[in-house]
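Okay, so here's the structure we're looking at.
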Amino acid sequence: MNATLTFVSPPPGLAPLTEFALIEIPGAAGLFTLQSATDQRTRLFVLDASVYLPDYSPVISDDQAGSLELSDPADALVLVVTNPGESGTTVNLMAPIVVNSITGRCAQIILDGQDWPLRAELGARSA
């Protein structure tokens, strides 16, 4: 799956960038690069939470869903930013990127009041 994504506001630390390409990494189901459409040097690695974190169930507000034009939860793709390191890979569960899979509108949403860690160790993928 490759797609063009438009953030409703720039992701934290990446202003003024809002247009990105979501590019699947061949041979790694659910792993993508999120690359700026205007600055090829700016990219993040993201995981499809449904593939790697099946128990992850963040809750977004009706206002947040409205800003993404999400009328059906089934149309939401939840991505988490990954941070590979020497001692392992962590994922940011506190601020997922929620994508309207129909329109490509998306936002990195900070989950205030929910008990998700900023740096969760990514364990082995469930079989």
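Every chain in the structure tokens takes a letter, A first, then B, and so on in the order presented; its residues are numbered from 1, and the ligands are numbered from 1 following the presented order.
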* Which residues in chain A does DSSP call strand (DSSP E or B)? List them as a PyMOL selection string. -> chain A and resi 2-7+19-24+31-36+43-48+76-85+88-91+97-100+105-108+120-121
Need the shell around range 86-102 of chain A: protein/DNA/RNA residues with any atom at most 6 Å away, counting only C-alpha atoms. Skip same-chain ones fewer than 4 positions apart. Format as a CSV table (one decimal) with N, CA, C and O atoms, in the first residue's frame?
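Listed below is the output, selection.csv:
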```
chain,number,residue,atom,x,y,z
A,75,ASP,N,-12.8,3.0,8.7
A,75,ASP,CA,-12.0,3.8,7.7
A,75,ASP,C,-10.7,4.4,8.3
A,75,ASP,O,-10.0,5.0,7.6
A,76,ALA,N,-10.5,4.2,9.6
A,76,ALA,CA,-9.3,4.8,10.3
A,76,ALA,C,-8.2,3.8,10.2
A,76,ALA,O,-8.3,2.6,10.5
A,77,LEU,N,-7.0,4.3,9.7
A,77,LEU,CA,-5.8,3.5,9.8
A,77,LEU,C,-5.0,4.2,10.9
A,77,LEU,O,-4.8,5.4,10.9
A,78,VAL,N,-4.5,3.4,11.8
A,78,VAL,CA,-3.7,3.9,12.9
A,78,VAL,C,-2.3,3.5,12.7
A,78,VAL,O,-1.9,2.3,12.7
A,79,LEU,N,-1.4,4.5,12.6
A,79,LEU,CA,0.0,4.3,12.5
A,79,LEU,C,0.7,4.8,13.7
A,79,LEU,O,0.3,5.7,14.4
A,80,VAL,N,1.8,4.1,14.1
A,80,VAL,CA,2.6,4.6,15.2
A,80,VAL,C,4.1,4.8,14.7
A,80,VAL,O,4.6,4.1,13.9
A,81,VAL,N,4.7,5.9,15.2
A,81,VAL,CA,6.0,6.2,14.8
A,81,VAL,C,7.0,5.3,15.5
A,81,VAL,O,6.9,5.0,16.7
A,82,THR,N,8.0,4.8,14.8
A,82,THR,CA,8.9,3.8,15.4
A,82,THR,C,10.3,4.5,15.5
A,82,THR,O,10.6,5.4,14.7
A,106,CYS,N,-5.0,13.2,7.6
A,106,CYS,CA,-4.5,12.5,8.8
A,106,CYS,C,-4.1,13.6,9.8
A,106,CYS,O,-4.0,14.8,9.5
A,107,ALA,N,-3.8,13.1,11.0
A,107,ALA,CA,-3.3,13.9,12.1
A,107,ALA,C,-2.5,13.1,13.1
A,107,ALA,O,-2.9,11.9,13.3
A,108,GLN,N,-1.5,13.6,13.7
A,108,GLN,CA,-0.8,13.0,14.8
A,108,GLN,C,-1.5,13.5,16.0
A,108,GLN,O,-1.5,14.7,16.3
A,109,ILE,N,-2.2,12.6,16.7
A,109,ILE,CA,-3.1,13.0,17.8
A,109,ILE,C,-2.4,12.6,19.1
A,109,ILE,O,-2.1,11.4,19.4
A,110,ILE,N,-2.3,13.6,20.0
A,110,ILE,CA,-1.7,13.3,21.4
A,110,ILE,C,-2.9,12.9,22.2
A,110,ILE,O,-3.9,13.5,22.4
A,111,LEU,N,-2.7,11.7,22.8
A,111,LEU,CA,-3.8,11.0,23.6
A,111,LEU,C,-3.8,11.5,25.0
A,111,LEU,O,-3.3,10.7,25.9
A,116,TRP,N,-1.1,5.6,27.6
A,116,TRP,CA,-0.2,5.0,26.6
A,116,TRP,C,1.2,5.6,26.7
A,116,TRP,O,1.3,6.8,26.8
A,117,PRO,N,2.3,4.8,26.6
A,117,PRO,CA,3.6,5.3,26.7
A,117,PRO,C,4.1,6.0,25.5
A,117,PRO,O,3.7,5.7,24.4
A,118,LEU,N,5.1,6.9,25.7
A,118,LEU,CA,5.7,7.7,24.6
A,118,LEU,C,6.7,6.7,24.0
A,118,LEU,O,6.9,6.8,22.7
A,119,ARG,N,7.4,5.9,24.7
A,119,ARG,CA,8.4,5.0,24.2
A,119,ARG,C,8.1,3.6,24.7
A,119,ARG,O,8.7,3.1,25.7
A,120,ALA,N,7.3,2.8,24.0
A,120,ALA,CA,7.0,1.4,24.3
A,120,ALA,C,8.0,0.5,23.5
A,120,ALA,O,8.1,0.7,22.3
A,121,GLU,N,8.5,-0.4,24.2
A,121,GLU,CA,9.4,-1.4,23.5
A,121,GLU,C,8.5,-2.2,22.6
A,121,GLU,O,7.4,-2.7,23.0
A,122,LEU,N,9.0,-2.4,21.4
A,122,LEU,CA,8.3,-3.2,20.4
A,122,LEU,C,8.8,-4.7,20.5
A,122,LEU,O,9.9,-5.0,20.3
```
* To do: Using only C-alpha atoms, determine which residues lie at most 12 Å from Ile25 in chain A, disregarding the query and same-chain residues fewer than 3 positions distant; provide the list as a ChimeraX atom specification.
  => /A:1-2,22,28-34,45-48
I need the chosen residues saved as a PDB file, in the first residue's frame, with N, CA and C atoms.
```pdb
ATOM      1  N   MET A   1       0.828  -1.175   0.000  1.00  0.00           N
ATOM      2  CA  MET A   1       0.000   0.000   0.000  1.00  0.00           C
ATOM      3  C   MET A   1       0.879   1.247   0.000  1.00  0.00           C
ATOM      4  N   ASN A   2       0.683   2.087  -0.958  1.00  0.00           N
ATOM      5  CA  ASN A   2       1.315   3.400  -1.012  1.00  0.00           C
ATOM      6  C   ASN A   2       0.194   4.427  -1.114  1.00  0.00           C
ATOM      7  N   LEU A  22       3.154   7.903   1.987  1.00  0.00           N
ATOM      8  CA  LEU A  22       3.241   6.705   2.806  1.00  0.00           C
ATOM      9  C   LEU A  22       3.669   5.582   1.878  1.00  0.00           C
ATOM     10  N   ALA A  28       8.136  -6.257   4.301  1.00  0.00           N
ATOM     11  CA  ALA A  28       7.876  -5.978   5.716  1.00  0.00           C
ATOM     12  C   ALA A  28       6.434  -5.488   5.862  1.00  0.00           C
ATOM     13  N   ALA A  29       5.508  -6.425   5.885  1.00  0.00           N
ATOM     14  CA  ALA A  29       4.085  -6.066   5.956  1.00  0.00           C
ATOM     15  C   ALA A  29       3.824  -5.140   7.130  1.00  0.00           C
ATOM     16  N   GLY A  30       3.141  -4.035   6.860  1.00  0.00           N
ATOM     17  CA  GLY A  30       2.777  -3.098   7.910  1.00  0.00           C
ATOM     18  C   GLY A  30       3.847  -2.108   8.306  1.00  0.00           C
ATOM     19  N   LEU A  31       5.000  -2.123   7.653  1.00  0.00           N
ATOM     20  CA  LEU A  31       6.074  -1.165   7.938  1.00  0.00           C
ATOM     21  C   LEU A  31       6.186  -0.210   6.756  1.00  0.00           C
ATOM     22  N   PHE A  32       6.212   1.086   7.067  1.00  0.00           N
ATOM     23  CA  PHE A  32       6.206   2.121   6.031  1.00  0.00           C
ATOM     24  C   PHE A  32       7.221   3.210   6.334  1.00  0.00           C
ATOM     25  N   THR A  33       7.607   3.921   5.280  1.00  0.00           N
ATOM     26  CA  THR A  33       8.256   5.208   5.475  1.00  0.00           C
ATOM     27  C   THR A  33       7.186   6.262   5.209  1.00  0.00           C
ATOM     28  N   LEU A  34       7.261   7.323   5.971  1.00  0.00           N
ATOM     29  CA  LEU A  34       6.390   8.476   5.790  1.00  0.00           C
ATOM     30  C   LEU A  34       7.323   9.600   5.389  1.00  0.00           C
ATOM     31  N   PHE A  45       9.759   6.428  10.129  1.00  0.00           N
ATOM     32  CA  PHE A  45       9.313   5.053   9.968  1.00  0.00           C
ATOM     33  C   PHE A  45       8.060   4.886  10.823  1.00  0.00           C
ATOM     34  N   VAL A  46       7.036   4.283  10.244  1.00  0.00           N
ATOM     35  CA  VAL A  46       5.781   4.061  10.966  1.00  0.00           C
ATOM     36  C   VAL A  46       5.314   2.628  10.761  1.00  0.00           C
ATOM     37  N   LEU A  47       4.583   2.143  11.756  1.00  0.00           N
ATOM     38  CA  LEU A  47       4.017   0.793  11.706  1.00  0.00           C
ATOM     39  C   LEU A  47       2.508   0.873  11.695  1.00  0.00           C
ATOM     40  N   ASP A  48       1.880  -0.036  10.979  1.00  0.00           N
ATOM     41  CA  ASP A  48       0.436  -0.208  11.041  1.00  0.00           C
ATOM     42  C   ASP A  48       0.142  -0.896  12.373  1.00  0.00           C
TER      43      ASP A  48
END
```
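Interatomic distance, CA of Thr103 in chain A to CA of Leu44 in chain A: 20.7 Å.
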* **Per-residue DSSP, chain A, filtered to helix (DSSP H, G or I), as a VMD selection string** => chain A and resid 49 to 52 62 to 67 73 to 75
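Minimum distance to Arg105 in chain A across A:Gly85, A:Gly123, A:Gly66, A:Gly27 (counting only C-alpha atoms) occurs at A:Gly66.
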* Asked: Quick one, how far is CA of Ser71 in chain A from CA of Ala21 in chain A?
  ->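 Separation between CA of Ser71 in chain A and CA of Ala21 in chain A: 23.4 Å.
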* To do: For CA of Pro73 in chain A and CA of Leu53 in chain A, quote the distance in Å rounded to one decimal.
  => 17.0 Å
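Between Arg41 in chain A and the candidates A:Asp112, A:Pro11, A:Asp63, A:Phe20, the tightest atom-to-atom separation, counting only C-alpha atoms, involves A:Phe20.
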